[in-house]
file final-v2.cif (mmCIF, C-alpha atoms)
data_coords
#
loop_
_atom_site.label_atom_id
_atom_site.label_comp_id
_atom_site.auth_asym_id
_atom_site.auth_seq_id
_atom_site.Cartn_x
_atom_site.Cartn_y
_atom_site.Cartn_z
CA MET A 1 -7.94 10.84 -15.53
CA VAL A 2 -7.41 7.09 -15.18
CA LYS A 3 -5.41 4.83 -17.48
CA THR A 4 -4.92 1.10 -17.58
CA GLY A 5 -2.40 -1.27 -19.06
CA PRO A 6 -3.31 -4.09 -21.44
CA VAL A 7 -5.75 -6.48 -19.82
CA LEU A 8 -5.03 -10.19 -19.65
CA ILE A 9 -8.58 -11.24 -18.86
CA PRO A 10 -10.30 -12.90 -20.59
CA THR A 11 -8.03 -13.22 -23.63
CA LEU A 12 -4.82 -14.38 -21.95
CA GLY A 13 -3.28 -17.02 -24.14
CA SER A 14 -0.47 -19.43 -23.51
CA ALA A 15 1.94 -17.09 -25.26
CA SER A 16 1.17 -14.21 -22.88
CA LEU A 17 2.87 -15.79 -19.88
CA PRO A 18 6.25 -17.46 -20.12
CA ALA A 19 6.42 -21.21 -19.69
CA PRO A 20 8.52 -22.47 -16.76
CA GLU A 21 12.17 -21.73 -17.41
CA ARG A 22 14.61 -24.43 -18.39
CA GLY A 23 17.44 -25.10 -15.99
CA PRO A 24 17.98 -26.53 -12.50
CA TYR A 25 14.52 -25.43 -11.36
CA ALA A 26 12.55 -26.16 -14.51
CA ASN A 27 11.14 -29.57 -13.60
CA SER A 28 8.14 -28.30 -11.69
CA THR A 29 6.25 -31.56 -12.06
CA SER A 30 8.86 -33.70 -10.35
CA ASP A 31 9.11 -31.43 -7.32
CA GLY A 32 5.36 -30.99 -6.91
CA LEU A 33 5.10 -27.43 -8.22
CA SER A 34 2.76 -28.15 -11.12
CA ASN A 35 -0.43 -27.96 -9.04
CA LEU A 36 -1.83 -25.36 -6.68
CA PRO A 37 -0.87 -25.71 -3.01
CA VAL A 38 -3.24 -27.81 -0.92
CA GLY A 39 -6.26 -25.78 0.14
CA TYR A 40 -5.73 -23.00 -2.40
CA PRO A 41 -8.81 -22.34 -4.58
CA ALA A 42 -8.79 -22.68 -8.37
CA ARG A 43 -10.33 -19.22 -8.63
CA LEU A 44 -11.15 -16.30 -6.36
CA GLY A 45 -14.50 -14.74 -7.18
CA GLN A 46 -14.64 -11.89 -4.67
CA PRO A 47 -15.08 -8.22 -5.68
CA LEU A 48 -11.36 -7.80 -4.94
CA ALA A 49 -10.63 -9.59 -8.24
CA TRP A 50 -10.87 -6.62 -10.62
CA THR A 51 -8.87 -5.28 -13.54
CA GLY A 52 -7.96 -1.68 -14.23
CA GLU A 53 -10.16 -1.73 -17.32
CA GLN A 54 -13.21 -2.66 -15.25
CA LEU A 55 -12.70 0.16 -12.73
CA ASN A 56 -11.76 2.60 -15.47
CA ASP A 57 -15.27 2.36 -16.91
CA ASN A 58 -16.49 4.58 -14.11
CA GLU A 59 -14.30 6.49 -11.67
CA LEU A 60 -17.17 6.42 -9.18
CA HIS A 61 -16.20 2.79 -8.61
CA PHE A 62 -13.33 3.99 -6.44
CA ILE A 63 -13.36 7.80 -6.16
CA TYR A 64 -15.70 9.54 -3.73
CA ASN A 65 -16.06 13.23 -4.55
CA LEU A 66 -16.90 15.22 -1.45
CA THR A 67 -19.97 17.40 -1.76
CA GLU A 68 -20.14 20.97 -0.53
CA GLN A 69 -22.14 19.69 2.46
CA ASP A 70 -19.45 17.09 3.17
CA VAL A 71 -16.71 19.74 3.24
CA THR A 72 -18.85 21.89 5.53
CA GLU A 73 -19.24 18.91 7.90
CA LEU A 74 -15.48 18.33 7.88
CA ARG A 75 -14.79 21.97 8.68
CA SER A 76 -17.32 21.93 11.51
CA ALA A 77 -15.93 18.69 12.97
CA LYS A 78 -12.40 20.12 12.77
CA ASP A 79 -13.44 23.26 14.61
CA GLN A 80 -15.30 21.25 17.25
CA PHE A 81 -12.28 19.01 17.84
CA LYS A 82 -9.95 22.00 18.15
CA SER A 83 -12.27 23.58 20.71
CA LEU A 84 -11.57 20.61 22.99
CA GLU A 85 -7.87 21.60 23.09
CA LEU A 86 -6.75 17.98 22.77
CA ASP A 87 -3.57 16.74 21.13
CA GLY A 88 -4.16 16.23 17.42
CA ASP A 89 -3.50 12.49 17.54
CA LEU A 90 -6.56 12.03 19.77
CA VAL A 91 -9.00 12.58 16.88
CA SER A 92 -11.71 9.90 16.97
CA ARG A 93 -15.24 9.27 15.80
CA ALA A 94 -16.50 10.45 19.20
CA ASN A 95 -14.91 13.90 18.99
CA PHE A 96 -15.00 14.36 15.19
CA PRO A 97 -18.74 14.04 14.42
CA LEU A 98 -19.79 13.62 10.80
CA PRO A 99 -23.60 13.16 10.93
CA LYS A 100 -24.08 12.44 7.22
CA LEU A 101 -20.61 11.93 5.74
CA GLY A 102 -19.80 9.40 8.47
CA SER A 103 -22.19 6.81 7.04
CA LYS A 104 -20.59 7.18 3.60
CA LEU A 105 -17.12 6.72 5.08
CA ASP A 106 -18.39 3.57 6.81
CA GLU A 107 -19.44 2.27 3.39
CA LEU A 108 -15.98 3.06 2.01
CA SER A 109 -14.40 1.18 4.92
CA GLN A 110 -16.48 -1.89 4.07
CA ASP A 111 -15.44 -1.58 0.44
CA ILE A 112 -11.76 -1.43 1.35
CA TYR A 113 -11.96 -4.59 3.44
CA ASN A 114 -14.69 -6.57 1.68
CA GLY A 115 -15.17 -4.93 -1.71
CA LYS A 116 -12.74 -3.53 -4.26
CA GLY A 117 -9.99 -2.85 -1.72
CA LEU A 118 -9.37 0.81 -2.49
CA CYS A 119 -10.90 4.26 -2.48
CA VAL A 120 -9.92 7.87 -3.03
CA VAL A 121 -11.66 10.63 -1.06
CA ARG A 122 -11.39 13.78 -3.19
CA GLY A 123 -12.48 17.36 -2.75
CA ILE A 124 -10.36 18.96 -0.02
CA ASN A 125 -8.24 21.92 -1.16
CA PRO A 126 -5.01 21.91 0.90
CA GLU A 127 -4.45 25.60 0.20
CA GLU A 128 -7.54 26.45 2.25
CA PHE A 129 -6.16 24.88 5.45
CA SER A 130 -3.11 25.13 7.64
CA VAL A 131 -0.96 21.99 7.73
CA GLU A 132 -2.26 21.27 11.24
CA ASP A 133 -5.91 21.65 10.25
CA LEU A 134 -5.44 19.58 7.10
CA THR A 135 -3.88 16.80 9.17
CA ILE A 136 -6.73 16.90 11.70
CA ILE A 137 -9.26 16.53 8.88
CA TRP A 138 -7.29 13.60 7.45
CA LEU A 139 -7.17 11.89 10.84
CA GLY A 140 -10.89 12.52 11.23
CA VAL A 141 -11.67 10.79 7.93
CA GLN A 142 -9.37 7.93 8.94
CA ALA A 143 -11.27 7.48 12.19
CA TYR A 144 -14.27 6.29 10.19
CA ILE A 145 -12.40 4.18 7.64
CA ALA A 146 -9.78 2.47 9.83
CA ASP A 147 -9.53 3.69 13.41
CA GLN A 148 -6.20 2.19 14.53
CA ARG A 149 -2.98 3.98 13.52
CA GLY A 150 0.37 2.22 13.31
CA CYS A 151 3.93 3.34 13.93
CA GLN A 152 6.33 3.45 10.97
CA ASP A 153 9.45 2.47 12.93
CA ASP A 154 10.75 1.71 16.41
CA ARG A 155 11.17 5.42 17.10
CA GLY A 156 7.41 5.87 16.99
CA ASN A 157 7.26 7.97 13.84
CA MET A 158 3.64 7.99 12.67
CA LEU A 159 3.87 10.01 9.45
CA VAL A 160 6.09 9.26 6.45
CA HIS A 161 6.71 12.28 4.24
CA ILE A 162 7.30 11.12 0.68
CA VAL A 163 9.17 13.94 -1.05
CA ALA A 164 12.00 14.18 -3.56
CA ASP A 165 15.42 14.62 -1.92
CA SER A 166 18.67 14.35 -3.89
CA SER A 167 20.92 15.62 -1.11
CA SER A 168 22.70 12.25 -0.88
CA ARG A 169 23.07 9.09 -2.94
CA MET A 170 21.26 7.15 -0.23
CA LYS A 171 18.26 9.47 -0.24
CA SER A 172 18.03 9.82 -4.01
CA GLY A 173 17.89 6.03 -4.35
CA HIS A 174 15.44 5.40 -1.51
CA HIS A 175 11.76 4.95 -2.34
CA ARG A 176 10.80 7.67 0.13
CA HIS A 177 12.88 10.33 -1.65
CA SER A 178 13.52 9.01 -5.15
CA THR A 179 11.83 10.48 -8.24
CA SER A 180 12.16 7.22 -10.18
CA ALA A 181 9.39 4.74 -10.85
CA ILE A 182 9.20 1.89 -8.36
CA SER A 183 7.96 -1.67 -8.77
CA PHE A 184 4.82 -3.22 -7.29
CA HIS A 185 4.96 -4.05 -3.59
CA ASN A 186 3.10 -4.02 -0.27
CA GLU A 187 4.06 -2.19 2.90
CA GLU A 188 5.42 -4.66 5.43
CA ALA A 189 2.69 -3.85 8.01
CA GLY A 190 -0.80 -2.39 8.10
CA ASP A 191 -4.15 -3.61 6.80
CA VAL A 192 -4.61 -0.30 5.01
CA VAL A 193 -1.96 2.01 3.60
CA ALA A 194 -3.16 5.60 3.41
CA TRP A 195 -1.74 8.67 1.66
CA LEU A 196 -2.67 12.31 1.95
CA THR A 197 -1.54 14.25 -1.13
CA ARG A 198 -0.48 17.70 0.02
CA SER A 199 0.83 18.65 -3.42
CA THR A 200 1.53 17.00 -6.77
CA ALA A 201 4.52 16.96 -9.12
CA GLU A 202 4.85 19.08 -12.23
CA SER A 203 4.50 15.85 -14.22
CA GLY A 204 4.17 12.13 -13.52
CA GLY A 205 3.85 10.56 -10.09
CA LYS A 206 0.58 8.69 -10.66
CA CYS A 207 -0.52 6.14 -8.07
CA ILE A 208 -0.69 2.71 -9.74
CA VAL A 209 -2.44 -0.28 -8.16
CA ALA A 210 -3.18 -3.90 -9.07
CA SER A 211 -5.34 -6.58 -7.49
CA ALA A 212 -3.45 -9.54 -6.00
CA TYR A 213 -6.70 -11.50 -6.41
CA THR A 214 -6.70 -10.95 -10.17
CA ILE A 215 -3.01 -11.81 -10.38
CA TYR A 216 -3.75 -15.01 -8.49
CA ASN A 217 -6.60 -15.99 -10.82
CA ILE A 218 -4.43 -15.53 -13.90
CA LEU A 219 -1.56 -17.51 -12.42
CA ALA A 220 -3.87 -20.25 -11.14
CA ALA A 221 -5.22 -20.72 -14.65
CA HIS A 222 -1.93 -20.47 -16.55
CA ARG A 223 1.04 -20.85 -14.19
CA PRO A 224 0.05 -22.65 -10.97
CA ASP A 225 3.73 -23.45 -10.46
CA ILE A 226 4.30 -19.73 -9.78
CA ILE A 227 1.65 -19.73 -7.05
CA ARG A 228 3.22 -22.74 -5.44
CA THR A 229 6.61 -21.01 -5.50
CA LEU A 230 5.13 -17.85 -3.97
CA ALA A 231 3.49 -19.90 -1.20
CA LYS A 232 6.70 -21.69 -0.19
CA SER A 233 8.30 -20.57 3.07
CA ASP A 234 11.83 -20.21 1.70
CA TRP A 235 11.77 -16.56 0.61
CA PRO A 236 14.74 -14.88 2.39
CA PHE A 237 13.45 -11.43 3.35
CA ALA A 238 15.75 -8.77 4.79
CA LEU A 239 13.08 -6.32 6.00
CA PRO A 240 13.38 -5.11 8.64
CA ARG A 241 14.97 -8.30 10.01
CA PHE A 242 16.03 -11.49 8.25
CA GLN A 243 13.10 -13.89 7.95
CA CYS A 244 12.25 -16.81 5.65
CA ARG A 245 8.54 -16.85 4.87
CA PRO A 246 6.08 -17.05 1.97
CA ILE A 247 5.06 -14.13 -0.23
CA LEU A 248 1.54 -15.49 -0.71
CA TYR A 249 -0.89 -16.89 1.86
CA TYR A 250 -4.39 -18.34 1.68
CA HIS A 251 -5.39 -17.70 5.27
CA ASP A 252 -8.82 -17.66 6.90
CA SER A 253 -10.42 -18.04 3.43
CA ARG A 254 -8.67 -14.89 2.20
CA LEU A 255 -5.72 -14.33 -0.08
CA VAL A 256 -2.90 -12.28 1.46
CA MET A 257 0.17 -11.08 -0.44
CA ASN A 258 3.06 -9.30 1.28
CA PHE A 259 6.40 -8.60 -0.41
CA GLY A 260 8.80 -6.12 -1.95
CA ARG A 261 11.58 -6.76 -4.45
CA THR A 262 14.30 -4.76 -2.69
CA PRO A 263 14.26 -6.77 0.57
CA LEU A 264 14.71 -9.89 -1.58
CA LEU A 265 17.09 -8.68 -4.29
CA GLY A 266 18.66 -5.47 -3.04
CA ASN A 267 19.44 -2.60 -5.40
CA ALA A 268 22.25 -0.19 -6.25
CA VAL A 269 21.74 1.89 -3.11
CA HIS A 270 20.80 -1.04 -0.88
CA PRO A 271 23.01 -3.96 -2.02
CA ARG A 272 22.02 -7.29 -0.54
CA PRO A 273 24.64 -8.47 1.98
CA GLU A 274 26.70 -11.38 0.73
CA HIS A 275 26.04 -13.46 3.84
CA LEU A 276 22.29 -13.59 3.16
CA PRO A 277 20.82 -16.36 0.97
CA LYS A 278 20.25 -15.48 -2.69
CA LEU A 279 17.04 -16.12 -4.58
CA ASN A 280 17.03 -19.18 -6.82
CA ASP A 281 16.07 -19.06 -10.50
CA ARG A 282 12.49 -20.12 -9.83
CA GLN A 283 12.01 -17.35 -7.28
CA ARG A 284 13.44 -14.69 -9.57
CA GLU A 285 11.13 -15.83 -12.34
CA ALA A 286 8.14 -15.70 -9.99
CA LEU A 287 8.89 -12.08 -9.04
CA ASP A 288 9.21 -11.09 -12.70
CA VAL A 289 5.96 -12.84 -13.66
CA VAL A 290 4.04 -11.20 -10.78
CA GLU A 291 5.35 -7.79 -11.88
CA ALA A 292 4.42 -8.43 -15.52
CA VAL A 293 0.89 -9.60 -14.72
CA ALA A 294 0.36 -6.73 -12.27
CA GLN A 295 1.35 -4.21 -14.93
CA ALA A 296 -1.02 -5.84 -17.42
CA VAL A 297 -4.06 -5.44 -15.15
CA GLN A 298 -3.04 -2.26 -13.34
CA LEU A 299 -5.11 0.82 -12.64
CA GLU A 300 -3.42 4.22 -12.92
CA ILE A 301 -4.82 7.07 -10.85
CA LYS A 302 -3.78 10.65 -11.60
CA THR A 303 -3.56 12.13 -8.13
CA GLN A 304 -4.88 15.58 -7.23
CA ALA A 305 -3.80 17.79 -4.34
CA GLY A 306 -5.95 16.99 -1.32
CA ASP A 307 -6.63 13.39 -2.35
CA MET A 308 -6.84 10.83 0.44
CA HIS A 309 -5.98 7.33 -0.81
CA PHE A 310 -6.89 4.24 1.19
CA ILE A 311 -5.67 0.88 -0.15
CA ASN A 312 -6.06 -2.64 1.24
CA ASN A 313 -2.42 -3.50 1.86
CA LEU A 314 -3.17 -7.23 2.15
CA ALA A 315 -4.85 -7.66 -1.25
CA ILE A 316 -3.75 -4.73 -3.44
CA LEU A 317 -0.24 -4.09 -4.77
CA HIS A 318 0.87 -0.53 -5.39
CA ARG A 319 3.67 1.30 -7.12
CA ARG A 320 4.52 4.80 -8.24
CA GLU A 321 5.17 6.33 -11.63
CA GLY A 322 8.39 8.36 -11.97
CA PHE A 323 7.90 12.10 -11.64
CA VAL A 324 9.45 15.53 -12.15
CA ASP A 325 8.93 18.31 -9.62
CA GLY A 326 8.38 21.93 -10.61
CA GLU A 327 9.83 25.07 -9.07
CA SER A 328 6.92 26.11 -6.86
CA ALA A 329 5.89 24.30 -3.69
CA GLN A 330 2.49 23.57 -5.26
CA HIS A 331 4.25 21.57 -7.99
CA LYS A 332 6.54 19.53 -5.75
CA ARG A 333 5.17 16.08 -4.95
CA HIS A 334 4.47 15.68 -1.22
CA LEU A 335 2.57 12.68 0.08
CA VAL A 336 2.09 11.78 3.74
CA ARG A 337 1.71 8.06 4.39
CA MET A 338 0.22 6.20 7.34
CA ARG A 339 -0.49 2.59 8.33
CA LEU A 340 -4.03 1.83 9.46
CA ARG A 341 -6.14 -1.02 10.76
CA SER A 342 -9.87 -1.26 11.51
CA SER A 343 -10.75 -2.66 14.93
CA ARG A 344 -14.10 -3.79 13.47
CA LEU A 345 -13.16 -5.15 10.04
CA GLY A 346 -9.48 -6.10 10.32
CA TRP A 347 -8.52 -9.43 8.75
CA ASP A 348 -6.84 -12.17 10.73
CA ILE A 349 -3.10 -11.88 10.00
CA PRO A 350 -0.94 -14.90 9.08
CA ASP A 351 1.44 -15.92 11.86
CA ASP A 352 4.54 -15.01 9.82
CA LEU A 353 3.39 -11.39 9.61
CA LYS A 354 2.03 -10.91 13.12
CA GLN A 355 5.27 -9.55 14.59
CA GLU A 356 5.28 -6.62 12.16
CA TRP A 357 1.63 -5.88 12.91
CA HIS A 358 2.35 -6.05 16.64
CA ASN A 359 5.30 -3.67 16.32
CA ALA A 360 3.18 -1.20 14.37
CA PHE A 361 -0.09 -1.31 16.31
CA ASP A 362 0.40 -2.93 19.71
CA ALA A 363 3.96 -2.21 20.85
CA ASP A 364 4.38 0.24 23.74
CA THR A 365 6.10 2.89 21.61
CA TYR A 366 5.95 6.64 22.19
CA GLN A 367 4.28 8.15 19.14
CA THR A 368 5.97 11.01 17.28
CA TRP A 369 4.04 13.20 14.87
CA HIS A 370 6.16 15.39 12.57
CA LEU A 371 3.92 17.49 10.37
CA GLU A 372 6.83 18.34 8.07
CA PRO A 373 9.74 16.25 6.72
CA MET A 374 12.48 15.87 9.31
CA PRO A 375 16.26 15.32 9.07
CA GLY A 376 17.43 11.75 8.59
CA ASP A 377 18.66 11.36 12.15
CA VAL A 378 15.11 12.02 13.40
CA PHE A 379 13.47 9.58 10.97
CA PRO A 380 16.32 7.43 9.61
CA LEU A 381 15.92 5.63 6.30
CA ARG A 382 15.62 1.86 6.58
CA LYS A 383 18.55 -0.16 5.32
CA TYR A 384 16.30 -2.30 3.12
CA THR A 385 13.50 -0.24 1.62
CA ASN A 386 10.39 -2.04 0.38
#
call {"tool": "encode", "arguments": {"input": "final-v2.cif", "output": "structure tokens"}}
result
Amino acid sequence: MVKTGPVLIPTLGSASLPAPERGPYANSTSDGLSNLPVGYPARLGQPLAWTGEQLNDNELHFIYNLTEQDVTELRSAKDQFKSLELDGDLVSRANFPLPKLGSKLDELSQDIYNGKGLCVVRGINPEEFSVEDLTIIWLGVQAYIADQRGCQDDRGNMLVHIVADSSSRMKSGHHRHSTSAISFHNEEAGDVVAWLTRSTAESGGKCIVASAYTIYNILAAHRPDIIRTLAKSDWPFALPRFQCRPILYYHDSRLVMNFGRTPLLGNAVHPRPEHLPKLNDRQREALDVVEAVAQAVQLEIKTQAGDMHFINNLAILHRREGFVDGESAQHKRHLVRMRLRSSRLGWDIPDDLKQEWHNAFDADTYQTWHLEPMPGDVFPLRKYTN
């Protein structure tokens, strides 16, 4: 089941987006904010510029349902890989052969990078596999969609287990363990963010996505001053280190958006340190407008156990609906997240973001693969969650 919010295109009127606020930052004309930044296009026409309503017309636009033959291929490839007695993280196209499904996964990879920017591979039943075997199958599918895997932190953790945990105030307020809804954001590194859904909540917990390209087109037509604000290099991020940079880039003829509200504003569990610069009124307005437009054009995906989500982290924003877990393990939400990059299709990364990509994909870090959630001292929570 897929739902969408109200759609701004093509009926967005002047009343649908707020005019620039009055106050010390209201005179956008005098400070050059009334026009798009130099080199930024008036409109982006790529397939990445979609609305939830458009994709909702046909789930086949973004969901690939595995056939019985596909599942048989995956089982066979898993068994063949295990017969090699290699470590599980060594799964690759060469040792995980998918004679027919592989070509379809190649198409999905192209669509993630050069098409709609997202896909869901559906049809694996987690209850039919051990955790190890399920992870091997997931890594095998990844090998065809985006073959490079990135670390999550400087300890080399490769898997993030997203599960509810109210054992401490810090955990219950952190995105990784909270049950509350979270706002739209990108992960700070990775071309592709991928989730394996091992189990779903009793209620809620939908994956919600929105196209940064569509958001850009709406703002370019109605609030170009917001785009200019987003493209300025004075955004004071605190994730995972302090850095002033833009939120929005037009780089190598592609739009790239990379941000999260918490590293810029803080929250109750992660208050922003007083010594760091505060956002100005114009920046706060820009964040609120981006969130409002994203919610208006969003696509809601009701996740099923076994789903494998792959989302272009450079062009698609994502957030989560709040959820309530049930009593049984099958009704407790458990997602496993990874950062991916395709060695064939990967976009050129803006200079401001390259350090995070290097740390994730190129740093000489020993990789750690925990198949189950680990104590906080093994995989500590970041101070400033995204």
call {"tool": "closest_residue", "arguments": {"input": "final-v2.cif", "among": "A:Arg254, A:His270, A:Arg344, A:Arg198", "to": "Glu372 of chain A", "atoms": "only C-alpha atoms"}}
result
A:Arg198
call {"tool": "atom_distance", "arguments": {"input": "final-v2.cif", "atom1": "atom CA of Ile145 of chain A", "atom2": "atom CA of Ile247 of chain A"}}
result
26.5 Å
call {"tool": "closest_residue", "arguments": {"input": "final-v2.cif", "among": "A:Cys119, A:Gln80, A:Trp357, A:Ile182", "to": "Asn267 of chain A", "atoms": "only C-alpha atoms"}}
result
A:Ile182
call {"tool": "residues_around", "arguments": {"input": "final-v2.cif", "residues": "Leu371 of chain A", "least_positions_apart": "2", "cutoff": "9 Å", "atoms": "only C-alpha atoms", "output": "ChimeraX atom specification"}}
result
/A:131-132,135,159,161,336,369,373-374
call {"tool": "atom_distance", "arguments": {"input": "final-v2.cif", "atom1": "atom CA of Asp252 of chain A", "atom2": "atom CA of Gln46 of chain A"}}
result
14.2 Å
call {"tool": "residues_around", "arguments": {"input": "final-v2.cif", "residues": "Ala221 of chain A", "least_positions_apart": "3", "cutoff": "9 Å", "atoms": "all atoms listed in the file", "output": "ChimeraX atom specification"}}
result
/A:42-43,216-218,224
call {"tool": "axis_aligned_box", "arguments": {"input": "final-v2.cif", "around": "segment 88-92 of chain A", "padding_each_side": "6 Å", "output": "AutoDock Vina command-line options"}}
result
--center_x -7.6 --center_y 13.1 --center_z 18.3 --size_x 20.2 --size_y 18.3 --size_z 14.9
call {"tool": "closest_atom_pairs", "arguments": {"input": "final-v2.cif", "of": "segment 58-115 of chain A", "to": "segment 345-353 of chain A", "cutoff": "10 Å", "atoms": "all atoms listed in the file", "output": "tab-separated table"}}
result
residue	atom	partner	partner_atom	distance
A:Ser109	CA	A:Leu345	CA	8.2
A:Gln110	CA	A:Leu345	CA	7.6
A:Ile112	CA	A:Leu345	CA	9.6
A:Tyr113	CA	A:Leu345	CA	6.7
A:Asn114	CA	A:Leu345	CA	8.6
call {"tool": "atom_distance", "arguments": {"input": "final-v2.cif", "atom1": "atom CA of Thr368 of chain A", "atom2": "atom CA of Gly88 of chain A"}}
result
11.4 Å
call {"tool": "closest_residue", "arguments": {"input": "final-v2.cif", "among": "A:Leu44, A:Ala238, A:Leu340, A:Leu196", "to": "Arg261 of chain A", "atoms": "all atoms listed in the file"}}
result
A:Ala238
call {"tool": "residues_around", "arguments": {"input": "final-v2.cif", "residues": "segment 205-212 of chain A", "least_positions_apart": "5", "cutoff": "6 Å", "atoms": "all atoms listed in the file", "output": "count of residues only"}}
result
16
call {"tool": "closest_residue", "arguments": {"input": "final-v2.cif", "among": "A:Thr197, A:Ser178, A:Thr365, A:Thr262", "to": "Asn157 of chain A", "atoms": "only C-alpha atoms"}}
result
A:Thr365
call {"tool": "resolve_selection", "arguments": {"input": "final-v2.cif", "expression": "the PyMOL selection byres ((chain A and resi 37) around 9)", "output": "PDB file with C-alpha atoms, in the frame of the given file"}}
result
ATOM      1  CA  LEU A  33       5.100 -27.430  -8.220  1.00  0.00           C
ATOM      2  CA  ASN A  35      -0.430 -27.960  -9.040  1.00  0.00           C
ATOM      3  CA  LEU A  36      -1.830 -25.360  -6.680  1.00  0.00           C
ATOM      4  CA  VAL A  38      -3.240 -27.810  -0.920  1.00  0.00           C
ATOM      5  CA  GLY A  39      -6.260 -25.780   0.140  1.00  0.00           C
ATOM      6  CA  TYR A  40      -5.730 -23.000  -2.400  1.00  0.00           C
ATOM      7  CA  PRO A  41      -8.810 -22.340  -4.580  1.00  0.00           C
ATOM      8  CA  PRO A 224       0.050 -22.650 -10.970  1.00  0.00           C
ATOM      9  CA  ILE A 227       1.650 -19.730  -7.050  1.00  0.00           C
ATOM     10  CA  ARG A 228       3.220 -22.740  -5.440  1.00  0.00           C
ATOM     11  CA  ALA A 231       3.490 -19.900  -1.200  1.00  0.00           C
TER      12      ALA A 231
END
call {"tool": "resolve_selection", "arguments": {"input": "final-v2.cif", "expression": "the PyMOL selection byres ((chain A and resi 97) around 10)", "output": "list of chain:residue names"}}
result
A:Glu73, A:Leu74, A:Ser76, A:Ala77, A:Lys78, A:Gln80, A:Phe81, A:Ser92, A:Arg93, A:Ala94, A:Asn95, A:Phe96, A:Leu98, A:Pro99, A:Lys100, A:Leu101, A:Gly102, A:Gly140, A:Tyr144
call {"tool": "decode", "arguments": {"input": "final-v2.cif", "residues": "segment 91-129 of chain A", "atoms": "C-alpha atoms", "output": "short mmCIF file (atom, residue, chain, number, x, y, z; two decimals), in the first residue's frame"}}
result
data_model
loop_
_atom_site.label_atom_id
_atom_site.label_comp_id
_atom_site.auth_asym_id
_atom_site.auth_seq_id
_atom_site.Cartn_x
_atom_site.Cartn_y
_atom_site.Cartn_z
CA VAL A 91 30.27 -11.68 -1.39
CA SER A 92 30.67 -10.31 -4.92
CA ARG A 93 29.21 -10.67 -8.39
CA ALA A 94 31.96 -13.19 -9.21
CA ASN A 95 31.07 -15.60 -6.40
CA PHE A 96 27.32 -14.90 -6.19
CA PRO A 97 26.12 -15.73 -9.73
CA LEU A 98 22.63 -14.63 -10.74
CA PRO A 99 22.32 -15.63 -14.43
CA LYS A 100 18.90 -14.05 -15.03
CA LEU A 101 18.14 -11.91 -11.97
CA GLY A 102 21.53 -10.21 -12.30
CA SER A 103 20.50 -8.34 -15.45
CA LYS A 104 17.36 -7.06 -13.72
CA LEU A 105 19.40 -5.86 -10.75
CA ASP A 106 21.70 -4.05 -13.19
CA GLU A 107 18.63 -2.25 -14.54
CA LEU A 108 17.61 -1.29 -11.00
CA SER A 109 21.11 0.06 -10.37
CA GLN A 110 20.82 2.28 -13.43
CA ASP A 111 17.42 3.48 -12.24
CA ILE A 112 18.79 4.39 -8.81
CA TYR A 113 21.60 6.48 -10.29
CA ASN A 114 20.05 7.78 -13.51
CA GLY A 115 16.31 7.18 -13.21
CA LYS A 116 13.86 7.58 -10.34
CA GLY A 117 16.50 7.20 -7.63
CA LEU A 118 14.89 4.42 -5.61
CA CYS A 119 13.76 0.82 -5.70
CA VAL A 120 12.42 -1.86 -3.39
CA VAL A 121 13.30 -5.50 -3.99
CA ARG A 122 10.48 -7.55 -2.46
CA GLY A 123 9.78 -11.24 -2.10
CA ILE A 124 12.27 -12.72 0.38
CA ASN A 125 10.70 -14.23 3.51
CA PRO A 126 13.14 -13.68 6.41
CA GLU A 127 11.58 -16.54 8.38
CA GLU A 128 12.85 -19.01 5.78
CA PHE A 129 16.52 -18.10 6.35
#
